[in-house]
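So this one's coords20.txt, compact mmCIF, C-alpha atoms:
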```
# COMPACT_ATOMS: atom_id res chain seq x y z
CA MET A 694 -43.09 -16.27 -164.85
CA TYR A 695 -46.44 -17.28 -166.28
CA ASP A 696 -47.04 -21.02 -166.24
CA PHE A 697 -46.91 -23.10 -169.39
CA ALA A 698 -47.18 -26.68 -170.57
CA TYR A 699 -43.85 -28.47 -170.77
CA HIS A 700 -42.80 -31.06 -173.34
CA ARG A 701 -39.52 -32.87 -173.63
CA PRO A 702 -39.67 -34.82 -176.89
CA SER A 703 -36.98 -37.39 -177.67
CA SER A 704 -36.87 -36.88 -181.45
CA VAL A 705 -36.81 -33.98 -183.88
CA ALA A 706 -39.94 -35.37 -185.57
CA ASP A 707 -41.86 -35.30 -182.28
CA ALA A 708 -40.62 -31.78 -181.52
CA VAL A 709 -41.76 -30.54 -184.93
CA LYS A 710 -45.12 -32.23 -184.49
CA LEU A 711 -45.64 -30.48 -181.15
CA LEU A 712 -44.54 -27.17 -182.60
CA ALA A 713 -46.81 -27.46 -185.62
CA SER A 714 -49.80 -28.28 -183.42
CA ASP A 715 -49.42 -25.20 -181.20
CA PRO A 716 -48.55 -21.82 -182.74
CA ASP A 717 -48.04 -20.29 -179.28
CA ALA A 718 -45.47 -22.84 -178.17
CA LYS A 719 -41.79 -21.88 -177.88
CA VAL A 720 -38.79 -24.08 -178.46
CA MET A 721 -36.13 -24.13 -175.76
CA SER A 722 -32.58 -25.29 -176.38
CA GLY A 723 -30.23 -24.18 -173.58
CA GLY A 724 -32.77 -21.69 -172.21
CA MET A 725 -30.12 -19.05 -171.49
CA THR A 726 -32.16 -16.35 -173.21
CA LEU A 727 -35.64 -17.86 -173.02
CA ILE A 728 -35.75 -18.49 -169.26
CA PRO A 729 -34.69 -14.92 -168.34
CA THR A 730 -37.26 -13.66 -170.89
CA LEU A 731 -39.99 -15.76 -169.26
CA LYS A 732 -38.95 -14.60 -165.79
CA GLN A 733 -39.43 -11.00 -166.84
CA ARG A 734 -42.82 -11.89 -168.31
CA LEU A 735 -41.69 -10.60 -171.68
CA ALA A 736 -43.09 -13.73 -173.29
CA ARG A 737 -46.11 -15.88 -172.51
CA PRO A 738 -45.84 -19.10 -174.50
CA SER A 739 -48.56 -21.71 -174.11
CA ALA A 740 -45.97 -24.45 -174.03
CA ILE A 741 -42.22 -24.98 -173.85
CA ILE A 742 -40.78 -27.63 -176.13
CA ASP A 743 -37.48 -28.54 -174.51
CA LEU A 744 -35.01 -30.04 -176.99
CA SER A 745 -32.62 -31.31 -174.32
CA GLY A 746 -34.04 -34.82 -174.52
CA ILE A 747 -33.05 -35.26 -178.17
CA ARG A 748 -29.74 -37.09 -178.10
CA ASP A 749 -29.47 -36.97 -181.91
CA LEU A 750 -28.96 -33.22 -181.71
CA VAL A 751 -25.68 -33.34 -179.77
CA GLY A 752 -22.23 -33.86 -181.22
CA ILE A 753 -19.36 -32.56 -183.32
CA SER A 754 -17.95 -34.19 -186.44
CA VAL A 755 -15.05 -33.15 -188.64
CA SER A 756 -14.62 -34.20 -192.27
CA ALA A 757 -11.88 -33.24 -194.71
CA GLY A 758 -13.41 -29.87 -195.49
CA ALA A 759 -15.91 -29.06 -192.77
CA VAL A 760 -16.75 -29.04 -189.08
CA THR A 761 -20.37 -29.93 -188.36
CA ILE A 762 -21.80 -29.05 -184.97
CA LYS A 763 -25.21 -30.36 -184.04
CA ALA A 764 -27.72 -27.85 -182.72
CA MET A 765 -27.83 -28.83 -179.04
CA THR A 766 -24.05 -28.90 -178.61
CA THR A 767 -23.10 -26.54 -175.80
CA HIS A 768 -20.61 -23.70 -176.07
CA ALA A 769 -18.49 -25.49 -173.45
CA ALA A 770 -18.34 -28.60 -175.63
CA VAL A 771 -17.27 -26.60 -178.69
CA ALA A 772 -14.68 -24.67 -176.67
CA ALA A 773 -13.21 -27.88 -175.24
CA SER A 774 -13.31 -29.90 -178.47
CA ALA A 775 -9.82 -30.94 -179.59
CA GLU A 776 -11.21 -31.46 -183.11
CA VAL A 777 -12.65 -27.96 -183.37
CA LYS A 778 -9.50 -26.44 -181.85
CA LYS A 779 -7.46 -28.16 -184.55
CA ALA A 780 -9.73 -27.52 -187.54
CA ILE A 781 -11.09 -24.02 -186.75
CA PRO A 782 -9.28 -22.65 -183.69
CA ALA A 783 -11.06 -19.30 -184.06
CA LEU A 784 -14.42 -21.02 -183.57
CA ALA A 785 -13.33 -22.82 -180.39
CA ALA A 786 -11.83 -19.58 -179.06
CA MET A 787 -15.03 -17.69 -179.80
CA ALA A 788 -17.13 -20.32 -178.00
CA GLU A 789 -14.80 -20.12 -175.00
CA HIS A 790 -15.65 -16.46 -174.50
CA ILE A 791 -19.44 -16.55 -174.79
CA GLY A 792 -21.14 -15.44 -171.57
CA ASP A 793 -19.66 -17.14 -168.52
CA ALA A 794 -18.79 -20.74 -167.67
CA GLN A 795 -22.31 -21.57 -166.46
CA VAL A 796 -23.93 -20.09 -169.56
CA ARG A 797 -21.48 -22.05 -171.73
CA ASN A 798 -22.47 -25.25 -169.93
CA ARG A 799 -26.10 -24.78 -170.98
CA GLY A 800 -26.21 -22.49 -174.02
CA THR A 801 -26.15 -24.08 -177.46
CA ILE A 802 -25.17 -23.16 -181.00
CA GLY A 803 -28.66 -23.87 -182.33
CA GLY A 804 -30.30 -21.68 -179.72
CA SER A 805 -27.86 -18.85 -180.26
CA ILE A 806 -28.34 -18.61 -184.01
CA ALA A 807 -32.10 -19.25 -183.98
CA ASN A 808 -32.47 -16.43 -181.44
CA HIS A 809 -30.19 -14.05 -183.39
CA ASP A 810 -29.60 -11.63 -180.54
CA PRO A 811 -27.82 -8.65 -182.14
CA ALA A 812 -25.04 -8.95 -179.52
CA ALA A 813 -24.59 -12.72 -179.82
CA ASP A 814 -21.21 -14.07 -180.92
CA TYR A 815 -22.18 -17.16 -182.94
CA PRO A 816 -23.98 -15.32 -185.78
CA GLY A 817 -20.66 -13.62 -186.58
CA ALA A 818 -18.89 -16.97 -186.91
CA VAL A 819 -21.68 -18.52 -188.97
CA LEU A 820 -21.77 -15.60 -191.40
CA ALA A 821 -18.01 -15.02 -191.71
CA LEU A 822 -17.20 -18.68 -192.20
CA GLY A 823 -19.94 -19.03 -194.82
CA ALA A 824 -21.55 -21.84 -192.85
CA THR A 825 -24.61 -23.80 -193.89
CA VAL A 826 -27.47 -24.11 -191.41
CA HIS A 827 -29.16 -27.52 -191.49
CA THR A 828 -32.78 -27.71 -190.43
CA ASN A 829 -35.29 -30.54 -190.27
CA THR A 830 -36.43 -29.71 -193.81
CA ARG A 831 -33.57 -28.04 -195.72
CA LYS A 832 -30.14 -26.44 -195.78
CA ILE A 833 -29.87 -22.65 -195.55
CA ALA A 834 -26.79 -20.62 -196.51
CA ALA A 835 -25.61 -18.26 -193.77
CA ASP A 836 -26.19 -15.30 -196.10
CA ASP A 837 -29.89 -16.19 -196.25
CA PHE A 838 -30.34 -17.27 -192.63
CA PHE A 839 -30.13 -14.05 -190.61
CA THR A 840 -32.95 -11.75 -191.70
CA GLY A 841 -33.01 -9.10 -188.96
CA MET A 842 -32.72 -8.51 -185.23
CA PHE A 843 -34.11 -11.58 -183.43
CA SER A 844 -35.33 -12.95 -186.74
CA THR A 845 -34.16 -15.64 -189.12
CA ALA A 846 -35.32 -17.49 -192.23
CA LEU A 847 -36.66 -20.34 -190.08
CA ALA A 848 -40.31 -21.22 -190.67
CA PRO A 849 -42.51 -21.34 -187.53
CA ASP A 850 -42.29 -25.13 -187.34
CA GLU A 851 -38.69 -25.47 -188.50
CA LEU A 852 -35.79 -26.41 -186.22
CA VAL A 853 -32.06 -25.94 -186.60
CA THR A 854 -30.47 -29.39 -186.45
CA ALA A 855 -26.81 -28.59 -187.18
CA VAL A 856 -24.39 -26.01 -188.53
CA GLU A 857 -21.75 -26.98 -191.07
CA PHE A 858 -18.64 -24.78 -191.14
CA PRO A 859 -16.24 -25.01 -194.10
CA ILE A 860 -12.69 -25.12 -192.70
CA PRO A 861 -10.99 -21.79 -193.48
CA GLU A 862 -7.36 -21.16 -194.22
CA LYS A 863 -7.30 -18.36 -191.64
CA ALA A 864 -9.87 -16.93 -189.26
CA ALA A 865 -10.14 -14.95 -186.06
CA TYR A 866 -12.74 -13.24 -183.90
CA VAL A 867 -12.20 -10.21 -181.72
CA LYS A 868 -14.87 -8.47 -179.69
CA PHE A 869 -15.12 -5.40 -177.50
CA PRO A 870 -17.19 -6.55 -174.56
CA ASN A 871 -19.43 -4.15 -172.70
CA PRO A 872 -17.49 -3.55 -169.47
CA ALA A 873 -20.52 -4.44 -167.33
CA SER A 874 -22.58 -7.03 -169.20
CA ARG A 875 -19.68 -8.49 -171.20
CA TYR A 876 -21.94 -8.73 -174.26
CA ALA A 877 -20.21 -7.76 -177.50
CA MET A 878 -20.67 -4.05 -178.16
CA VAL A 879 -18.88 -4.85 -181.40
CA GLY A 880 -17.46 -8.17 -182.52
CA VAL A 881 -15.73 -8.82 -185.84
CA PHE A 882 -15.11 -12.27 -187.28
CA VAL A 883 -12.76 -12.41 -190.27
CA ALA A 884 -12.13 -15.47 -192.42
CA LYS A 885 -10.20 -16.39 -195.54
CA GLY A 886 -11.14 -19.71 -197.02
CA PRO A 887 -13.20 -21.68 -199.51
CA ALA A 888 -15.90 -19.02 -199.41
CA GLY A 889 -13.39 -16.24 -200.12
CA VAL A 890 -12.60 -13.42 -197.70
CA ARG A 891 -15.53 -12.70 -195.44
CA VAL A 892 -15.94 -10.19 -192.63
CA ALA A 893 -18.96 -10.39 -190.33
CA VAL A 894 -19.85 -7.79 -187.72
CA THR A 895 -21.97 -8.58 -184.68
CA GLY A 896 -23.06 -6.37 -181.79
CA ALA A 897 -23.13 -3.24 -183.92
CA GLY A 898 -25.94 -3.60 -186.44
CA ALA A 899 -29.51 -2.54 -185.72
CA ASN A 900 -30.63 -5.50 -187.84
CA GLY A 901 -28.24 -7.98 -186.25
CA VAL A 902 -25.17 -9.49 -187.83
CA PHE A 903 -23.98 -8.16 -191.21
CA ARG A 904 -21.15 -8.55 -193.71
CA HIS A 905 -18.71 -5.70 -194.24
CA THR A 906 -18.20 -5.90 -198.00
CA ALA A 907 -15.83 -2.92 -198.24
CA MET A 908 -13.48 -4.62 -195.80
CA GLU A 909 -13.83 -7.92 -197.66
CA GLU A 910 -12.74 -6.27 -200.91
CA ALA A 911 -9.77 -4.58 -199.26
CA LEU A 912 -8.66 -7.77 -197.53
CA ALA A 913 -9.10 -9.86 -200.68
CA LYS A 914 -6.46 -7.64 -202.32
CA ASN A 915 -4.19 -7.44 -199.32
CA TRP A 916 -4.74 -9.62 -196.22
CA SER A 917 -3.26 -7.35 -193.58
CA PRO A 918 -4.52 -4.96 -190.90
CA ASP A 919 -3.05 -2.06 -192.90
CA ALA A 920 -5.41 -2.82 -195.78
CA LEU A 921 -8.26 -1.67 -193.54
CA HIS A 922 -6.68 1.67 -192.73
CA ASP A 923 -8.84 3.70 -195.08
CA VAL A 924 -11.96 1.53 -195.02
CA GLY A 925 -14.70 3.29 -193.12
CA THR A 926 -17.89 1.95 -191.61
CA ALA A 927 -21.18 3.75 -192.24
CA GLU A 928 -23.00 4.80 -189.09
CA GLU A 929 -26.33 4.29 -190.80
CA GLY A 930 -27.92 1.03 -189.68
CA LEU A 931 -25.78 0.75 -186.54
CA ASN A 932 -27.07 0.61 -182.99
CA GLY A 933 -26.70 3.67 -180.82
CA ASP A 934 -27.58 3.39 -177.12
CA ILE A 935 -26.39 4.38 -173.64
CA HIS A 936 -23.45 2.00 -173.96
CA ALA A 937 -22.07 3.32 -177.23
CA SER A 938 -23.12 5.83 -179.88
CA LYS A 939 -23.35 4.84 -183.55
CA GLU A 940 -20.20 6.84 -184.19
CA TYR A 941 -18.28 4.97 -181.49
CA ARG A 942 -19.53 1.59 -182.69
CA ALA A 943 -18.51 2.43 -186.27
CA HIS A 944 -15.05 3.28 -184.99
CA LEU A 945 -14.88 0.06 -182.97
CA VAL A 946 -15.76 -2.01 -186.05
CA GLY A 947 -12.56 -0.76 -187.71
CA VAL A 948 -10.42 -1.38 -184.63
CA MET A 949 -11.81 -4.86 -183.96
CA ALA A 950 -11.45 -5.82 -187.63
CA LYS A 951 -7.78 -4.82 -187.70
CA ARG A 952 -7.13 -6.74 -184.50
CA ALA A 953 -8.93 -9.77 -185.91
CA VAL A 954 -6.86 -9.78 -189.10
CA ALA A 955 -3.67 -9.43 -187.06
CA LYS A 956 -4.79 -12.31 -184.82
CA ALA A 957 -5.63 -14.52 -187.81
CA GLY A 958 -2.09 -13.95 -189.09
CA MET B 1014 -48.88 -30.81 -160.85
CA PRO B 1015 -45.83 -32.43 -162.45
CA LYS B 1016 -43.66 -34.53 -160.23
CA VAL B 1017 -39.91 -34.31 -160.63
CA SER B 1018 -37.61 -37.06 -159.36
CA LEU B 1019 -33.89 -36.56 -159.20
CA THR B 1020 -30.81 -37.27 -157.12
CA VAL B 1021 -29.69 -34.47 -154.83
CA ASN B 1022 -26.38 -34.80 -153.01
CA GLY B 1023 -26.40 -38.53 -153.62
CA LYS B 1024 -29.89 -39.14 -152.27
CA PRO B 1025 -33.11 -39.63 -154.22
CA ALA B 1026 -35.48 -36.68 -153.98
CA SER B 1027 -38.82 -35.85 -155.54
CA ALA B 1028 -41.31 -33.04 -155.36
CA GLU B 1029 -44.48 -31.81 -156.98
CA VAL B 1030 -43.69 -28.60 -158.79
CA GLU B 1031 -45.18 -26.32 -161.42
CA ASN B 1032 -43.65 -26.39 -164.88
CA ARG B 1033 -42.43 -22.86 -164.21
CA THR B 1034 -40.73 -23.75 -160.92
CA LEU B 1035 -37.01 -22.99 -161.13
CA LEU B 1036 -34.38 -25.46 -159.99
CA VAL B 1037 -33.32 -23.04 -157.24
CA GLU B 1038 -36.90 -22.89 -155.98
CA LEU B 1039 -37.08 -26.67 -155.95
CA LEU B 1040 -33.87 -26.82 -153.92
CA ARG B 1041 -34.64 -24.03 -151.47
CA GLU B 1042 -38.40 -24.13 -151.04
CA HIS B 1043 -39.33 -27.76 -151.66
CA LEU B 1044 -36.22 -29.57 -150.45
CA ARG B 1045 -35.23 -26.89 -147.89
CA LEU B 1046 -31.63 -26.81 -149.07
CA THR B 1047 -31.12 -23.12 -148.45
CA GLY B 1048 -27.35 -23.11 -148.88
CA THR B 1049 -27.90 -22.27 -152.55
CA HIS B 1050 -28.64 -18.55 -152.67
CA VAL B 1051 -30.61 -16.28 -154.96
CA GLY B 1052 -28.75 -13.04 -155.48
CA CYS B 1053 -29.74 -11.30 -158.68
CA ASP B 1054 -32.28 -13.75 -160.12
CA THR B 1055 -31.13 -12.60 -163.58
CA SER B 1056 -28.37 -15.18 -164.35
CA GLN B 1057 -25.60 -12.75 -163.57
CA CYS B 1058 -24.36 -13.08 -160.00
CA GLY B 1059 -23.76 -16.83 -159.66
CA ALA B 1060 -24.87 -17.14 -156.02
CA CYS B 1061 -27.21 -19.93 -157.16
CA VAL B 1062 -24.60 -22.12 -158.90
CA VAL B 1063 -25.01 -25.87 -158.38
CA HIS B 1064 -23.79 -28.87 -160.34
CA VAL B 1065 -26.20 -30.71 -162.64
CA ASN B 1066 -24.80 -33.93 -164.06
CA GLY B 1067 -21.32 -32.71 -163.21
CA ALA B 1068 -21.52 -29.27 -164.83
CA SER B 1069 -21.91 -25.97 -162.98
CA VAL B 1070 -25.15 -24.20 -163.85
CA LYS B 1071 -27.09 -21.23 -162.58
CA SER B 1072 -30.04 -22.84 -160.84
CA CYS B 1073 -32.10 -19.65 -161.21
CA THR B 1074 -31.96 -20.18 -164.98
CA MET B 1075 -33.02 -23.79 -165.25
CA LEU B 1076 -36.46 -25.28 -164.77
CA ALA B 1077 -36.96 -27.91 -162.09
CA VAL B 1078 -38.72 -30.16 -164.60
CA GLN B 1079 -35.58 -30.13 -166.74
CA CYS B 1080 -33.80 -31.96 -163.92
CA GLU B 1081 -35.91 -35.12 -164.12
CA GLY B 1082 -33.47 -37.96 -163.54
CA ALA B 1083 -30.52 -35.60 -163.08
CA GLU B 1084 -27.74 -35.74 -160.48
CA VAL B 1085 -27.65 -32.44 -158.63
CA VAL B 1086 -24.96 -31.45 -156.13
CA THR B 1087 -25.35 -28.38 -153.94
CA ILE B 1088 -23.05 -26.77 -151.38
CA GLU B 1089 -24.64 -29.03 -148.74
CA GLY B 1090 -23.38 -32.09 -150.60
CA LEU B 1091 -19.67 -31.26 -150.59
CA ALA B 1092 -18.48 -32.08 -147.08
CA ALA B 1093 -17.93 -35.71 -146.06
CA PRO B 1094 -20.51 -37.29 -143.74
CA ASP B 1095 -18.12 -36.83 -140.79
CA GLY B 1096 -18.01 -33.10 -141.48
CA THR B 1097 -14.62 -33.03 -143.19
CA LEU B 1098 -14.76 -30.14 -145.60
CA HIS B 1099 -14.15 -30.44 -149.35
CA PRO B 1100 -10.67 -29.06 -150.17
CA MET B 1101 -12.29 -26.04 -151.82
CA GLN B 1102 -14.35 -25.29 -148.72
CA GLU B 1103 -11.29 -25.75 -146.54
CA ALA B 1104 -9.31 -23.39 -148.77
CA PHE B 1105 -12.04 -20.73 -148.60
CA ARG B 1106 -11.83 -20.98 -144.79
CA GLU B 1107 -8.04 -21.03 -144.60
CA TYR B 1108 -7.61 -18.09 -146.99
CA HIS B 1109 -10.56 -16.12 -145.63
CA ALA B 1110 -12.07 -16.01 -149.12
CA LEU B 1111 -15.26 -14.35 -147.96
CA GLN B 1112 -16.63 -11.49 -145.98
CA CYS B 1113 -20.42 -11.52 -145.87
CA GLY B 1114 -20.56 -15.03 -147.31
CA PHE B 1115 -23.58 -14.52 -149.53
CA CYS B 1116 -21.81 -15.37 -152.78
CA THR B 1117 -19.72 -18.14 -151.22
CA PRO B 1118 -21.86 -21.21 -152.02
CA GLY B 1119 -21.94 -20.28 -155.70
CA MET B 1120 -18.25 -19.33 -155.69
CA VAL B 1121 -17.29 -22.70 -154.23
CA MET B 1122 -19.45 -24.66 -156.67
CA SER B 1123 -18.13 -22.71 -159.68
CA ALA B 1124 -14.55 -23.01 -158.44
CA ILE B 1125 -14.79 -26.80 -158.12
CA ASP B 1126 -16.11 -27.14 -161.68
CA LEU B 1127 -13.41 -24.77 -162.94
CA VAL B 1128 -10.62 -26.75 -161.27
CA GLN B 1129 -12.01 -30.11 -162.37
CA ARG B 1130 -12.14 -28.97 -165.99
CA ASN B 1131 -8.55 -27.80 -165.93
CA PRO B 1132 -6.34 -30.66 -164.73
CA GLN B 1133 -3.32 -28.88 -166.20
CA GLY B 1134 -3.69 -26.23 -163.49
CA LEU B 1135 -4.82 -22.62 -163.64
CA SER B 1136 -2.91 -19.35 -163.36
CA ASP B 1137 -4.35 -16.60 -161.18
CA ARG B 1138 -5.49 -14.81 -164.33
CA GLU B 1139 -7.27 -17.92 -165.59
CA ILE B 1140 -8.96 -18.32 -162.22
CA ARG B 1141 -10.19 -14.72 -162.39
CA GLU B 1142 -11.49 -15.23 -165.93
CA GLY B 1143 -13.11 -18.52 -164.90
CA LEU B 1144 -15.06 -16.69 -162.19
CA GLU B 1145 -16.69 -14.34 -164.68
CA GLY B 1146 -20.13 -15.66 -163.80
CA ASN B 1147 -19.76 -15.12 -160.05
CA LEU B 1148 -19.97 -11.71 -158.43
CA CYS B 1149 -18.57 -10.88 -154.99
CA ARG B 1150 -19.22 -7.38 -153.71
CA CYS B 1151 -17.08 -7.61 -150.56
CA THR B 1152 -13.69 -9.13 -151.09
CA GLY B 1153 -12.30 -7.74 -154.30
CA TYR B 1154 -11.76 -11.41 -155.20
CA HIS B 1155 -8.16 -11.44 -154.00
CA ASN B 1156 -8.52 -14.11 -151.33
CA ILE B 1157 -10.97 -16.08 -153.44
CA VAL B 1158 -8.32 -16.42 -156.15
CA ARG B 1159 -5.71 -17.41 -153.56
CA ALA B 1160 -8.03 -20.04 -152.11
CA ILE B 1161 -8.77 -21.59 -155.49
CA ALA B 1162 -5.08 -21.57 -156.45
CA ALA B 1163 -4.31 -23.46 -153.24
CA ALA B 1164 -7.27 -25.84 -153.47
CA GLN B 1165 -6.40 -26.92 -157.01
CA GLN B 1166 -3.08 -28.29 -155.74
CA VAL B 1167 -4.92 -30.56 -153.31
CA MET B 1168 -7.65 -31.49 -155.81
CA HIS B 1169 -5.08 -32.48 -158.45
CA GLY B 1170 -3.06 -34.47 -155.92
CA LYS B 1171 -0.02 -32.18 -156.21
CA VAL B 1172 0.12 -31.76 -152.44
CA LYS B 1173 -1.43 -33.80 -149.64
CA GLU B 1174 -2.27 -30.90 -147.37
CA LEU B 1175 -3.65 -27.52 -148.20
CA PRO B 1176 -0.84 -24.95 -148.24
CA ARG B 1177 -1.39 -22.67 -145.26
CA ALA B 1178 -2.08 -18.99 -145.67
CA ALA B 1179 0.83 -16.83 -144.51
CA GLU B 1180 0.44 -15.57 -140.95
```

Once you've parsed the file, please lay out its structure as structure tokens.
Amino acid sequence: MYDFAYHRPSSVADAVKLLASDPDAKVMSGGMTLIPTLKQRLARPSAIIDLSGIRDLVGISVSAGAVTIKAMTTHAAVAASAEVKKAIPALAAMAEHIGDAQVRNRGTIGGSIANHDPAADYPGAVLALGATVHTNTRKIAADDFFTGMFSTALAPDELVTAVEFPIPEKAAYVKFPNPASRYAMVGVFVAKGPAGVRVAVTGAGANGVFRHTAMEEALAKNWSPDALHDVGTAEEGLNGDIHASKEYRAHLVGVMAKRAVAKAG
Amino acid sequence: MPKVSLTVNGKPASAEVENRTLLVELLREHLRLTGTHVGCDTSQCGACVVHVNGASVKSCTMLAVQCEGAEVVTIEGLAAPDGTLHPMQEAFREYHALQCGFCTPGMVMSAIDLVQRNPQGLSDREIREGLEGNLCRCTGYHNIVRAIAAAQQVMHGKVKELPRAAE
């Protein structure tokens, strides 16, 4: 690991100020992706701006129609939250199966979506539930937030502060983990709620998470696994690698989606 | 160089480190607590698991400077001052939950966090799933699962003495 300056601001305003003053600085939330990246010398930031000192960025609140999770809330906290389990059980269940227990104790929702790893689980939930991403300057709809693999609509000096999830009528997430790494080779999050029927696919797309509109249309007419029987998934735009070909991933999208609808009930 | 001050195994500790120094390097190289192991160095194997403010973490994937003011517990901090083992350590011994022993410190630290977070008790399957972040290449996990299943009974006060392994 190359050395770097280290800052641990105690407010979002201070973090943004530090970030704006140094274009080569990197923000760290849980560090579960960034620290391994630094160790492999794949990145050489001038400074690390560690958000873990900002108490304002931790917490979960539930209103009549939405669950709001602040950016530095860990996966373990979401998985264990009685409020989330009650309001959006699919979200708590998804958080409970990210990485392993130690990763869940450190990794955060804000870090996961700002990083937008194509195999990450959270982007699927954010997109399928039609969530709104809150930043220090604005609110961004999930449909506008994820712009490509490892890229988002965030400006260079913009920070995710919270994610607001409308409470769905039904939702479920099913993934096919890589047998070795346990990362999602394909994960499908389905939801039926205030934002309509939405199906988001993670793990499969070469540009990160995406919506499967053909499945959404079929499920809007008939919410059942059978409705997906004849809905195919184009191989174009999918990832193909040593773990799974495009063809296999396209097939898995269909299987995971059917299982997710069955699970959602 | 930055100075980091923290509590390790109940005692104050401090060291001058680089910003890039990992928590595991602080523990092993600065504080000479070599019970915490480095296996893969890529956040996968779990040999380096310690507790930071009560939560199990992979100390190869956390910076030492992030632990300013934190309470850290390592495998060296589990046994009582008179040498009495923690119930989890005792269970690992009783059930022979190790062969080479390299993964054992991390296994024990992860297992304690897992049991503490699940006061309702864990099935064998849940124990196996809970150990996802810890790799053992010797045992096939069988005796590790048995040890944790036995230790949780002591830790939750269900039994006074560790159930003995069958002869």

Please tabulate, as JSON lines, the residues of chain A that come within 10 Å of chain B, each with its closest pair of atoms and the distance in Å to one decimal, counting only C-alpha atoms and ordering rows by chain, then residue number upward.
```
{"residue": "A:Met694", "atom": "CA", "partner": "B:Arg1033", "partner_atom": "CA", "distance": 6.7}
{"residue": "A:Tyr695", "atom": "CA", "partner": "B:Arg1033", "partner_atom": "CA", "distance": 7.2}
{"residue": "A:Asp696", "atom": "CA", "partner": "B:Arg1033", "partner_atom": "CA", "distance": 5.4}
{"residue": "A:Phe697", "atom": "CA", "partner": "B:Asn1032", "partner_atom": "CA", "distance": 6.5}
{"residue": "A:Ala698", "atom": "CA", "partner": "B:Asn1032", "partner_atom": "CA", "distance": 6.7}
{"residue": "A:Tyr699", "atom": "CA", "partner": "B:Asn1032", "partner_atom": "CA", "distance": 6.2}
{"residue": "A:His700", "atom": "CA", "partner": "B:Val1078", "partner_atom": "CA", "distance": 9.7}
{"residue": "A:Arg701", "atom": "CA", "partner": "B:Gln1079", "partner_atom": "CA", "distance": 8.4}
{"residue": "A:Gly723", "atom": "CA", "partner": "B:Met1075", "partner_atom": "CA", "distance": 8.8}
{"residue": "A:Gly724", "atom": "CA", "partner": "B:Met1075", "partner_atom": "CA", "distance": 7.3}
{"residue": "A:Met725", "atom": "CA", "partner": "B:Thr1074", "partner_atom": "CA", "distance": 6.9}
{"residue": "A:Thr726", "atom": "CA", "partner": "B:Thr1074", "partner_atom": "CA", "distance": 9.1}
{"residue": "A:Leu727", "atom": "CA", "partner": "B:Thr1074", "partner_atom": "CA", "distance": 9.1}
{"residue": "A:Ile728", "atom": "CA", "partner": "B:Thr1074", "partner_atom": "CA", "distance": 6.0}
{"residue": "A:Pro729", "atom": "CA", "partner": "B:Thr1055", "partner_atom": "CA", "distance": 6.4}
{"residue": "A:Thr730", "atom": "CA", "partner": "B:Thr1055", "partner_atom": "CA", "distance": 9.6}
{"residue": "A:Leu731", "atom": "CA", "partner": "B:Arg1033", "partner_atom": "CA", "distance": 9.0}
{"residue": "A:Lys732", "atom": "CA", "partner": "B:Thr1055", "partner_atom": "CA", "distance": 8.4}
{"residue": "A:Gln733", "atom": "CA", "partner": "B:Thr1055", "partner_atom": "CA", "distance": 9.1}
{"residue": "A:Ala740", "atom": "CA", "partner": "B:Asn1032", "partner_atom": "CA", "distance": 9.6}
{"residue": "A:Ile741", "atom": "CA", "partner": "B:Asn1032", "partner_atom": "CA", "distance": 9.2}
{"residue": "A:Asp743", "atom": "CA", "partner": "B:Gln1079", "partner_atom": "CA", "distance": 8.2}
{"residue": "A:Ser745", "atom": "CA", "partner": "B:Gln1079", "partner_atom": "CA", "distance": 8.2}
{"residue": "A:Gly746", "atom": "CA", "partner": "B:Gln1079", "partner_atom": "CA", "distance": 9.2}
{"residue": "A:Ala769", "atom": "CA", "partner": "B:Ala1068", "partner_atom": "CA", "distance": 9.9}
{"residue": "A:Ala773", "atom": "CA", "partner": "B:Arg1130", "partner_atom": "CA", "distance": 9.4}
{"residue": "A:His790", "atom": "CA", "partner": "B:Glu1142", "partner_atom": "CA", "distance": 9.6}
{"residue": "A:Gly792", "atom": "CA", "partner": "B:Gly1146", "partner_atom": "CA", "distance": 7.8}
{"residue": "A:Asp793", "atom": "CA", "partner": "B:Gly1146", "partner_atom": "CA", "distance": 5.0}
{"residue": "A:Ala794", "atom": "CA", "partner": "B:Gly1146", "partner_atom": "CA", "distance": 6.5}
{"residue": "A:Gln795", "atom": "CA", "partner": "B:Val1070", "partner_atom": "CA", "distance": 4.7}
{"residue": "A:Val796", "atom": "CA", "partner": "B:Val1070", "partner_atom": "CA", "distance": 7.1}
{"residue": "A:Arg797", "atom": "CA", "partner": "B:Val1070", "partner_atom": "CA", "distance": 9.0}
{"residue": "A:Asn798", "atom": "CA", "partner": "B:Ala1068", "partner_atom": "CA", "distance": 6.6}
{"residue": "A:Arg799", "atom": "CA", "partner": "B:Val1070", "partner_atom": "CA", "distance": 7.2}
{"residue": "A:Ser874", "atom": "CA", "partner": "B:Gln1057", "partner_atom": "CA", "distance": 8.6}
{"residue": "A:Arg875", "atom": "CA", "partner": "B:Glu1145", "partner_atom": "CA", "distance": 9.3}
```

Hey, could you pull the box centre and edge lengths for range 1086-1104 of chain B, axis-aligned, 5 Å padding per side, all listed atoms, to one decimal in Å, as AutoDock Vina command-line options?
```
--center_x -17.3 --center_y -30.3 --center_z -148.5 --size_x 26.0 --size_y 23.9 --size_z 25.3
```

Which residues are close to Met787 in chain A, i.e. within 10 Å by only C-alpha atoms, leaving aside same-chain residues fewer than 5 positions away? Reply as a list of chain:residue names. A:His768, A:Val771, A:Ala772, A:Pro782, A:Asp814, A:Tyr815, A:Gly817, A:Ala818, A:Ala865, A:Tyr866, A:Val867, A:Lys868, A:Phe882
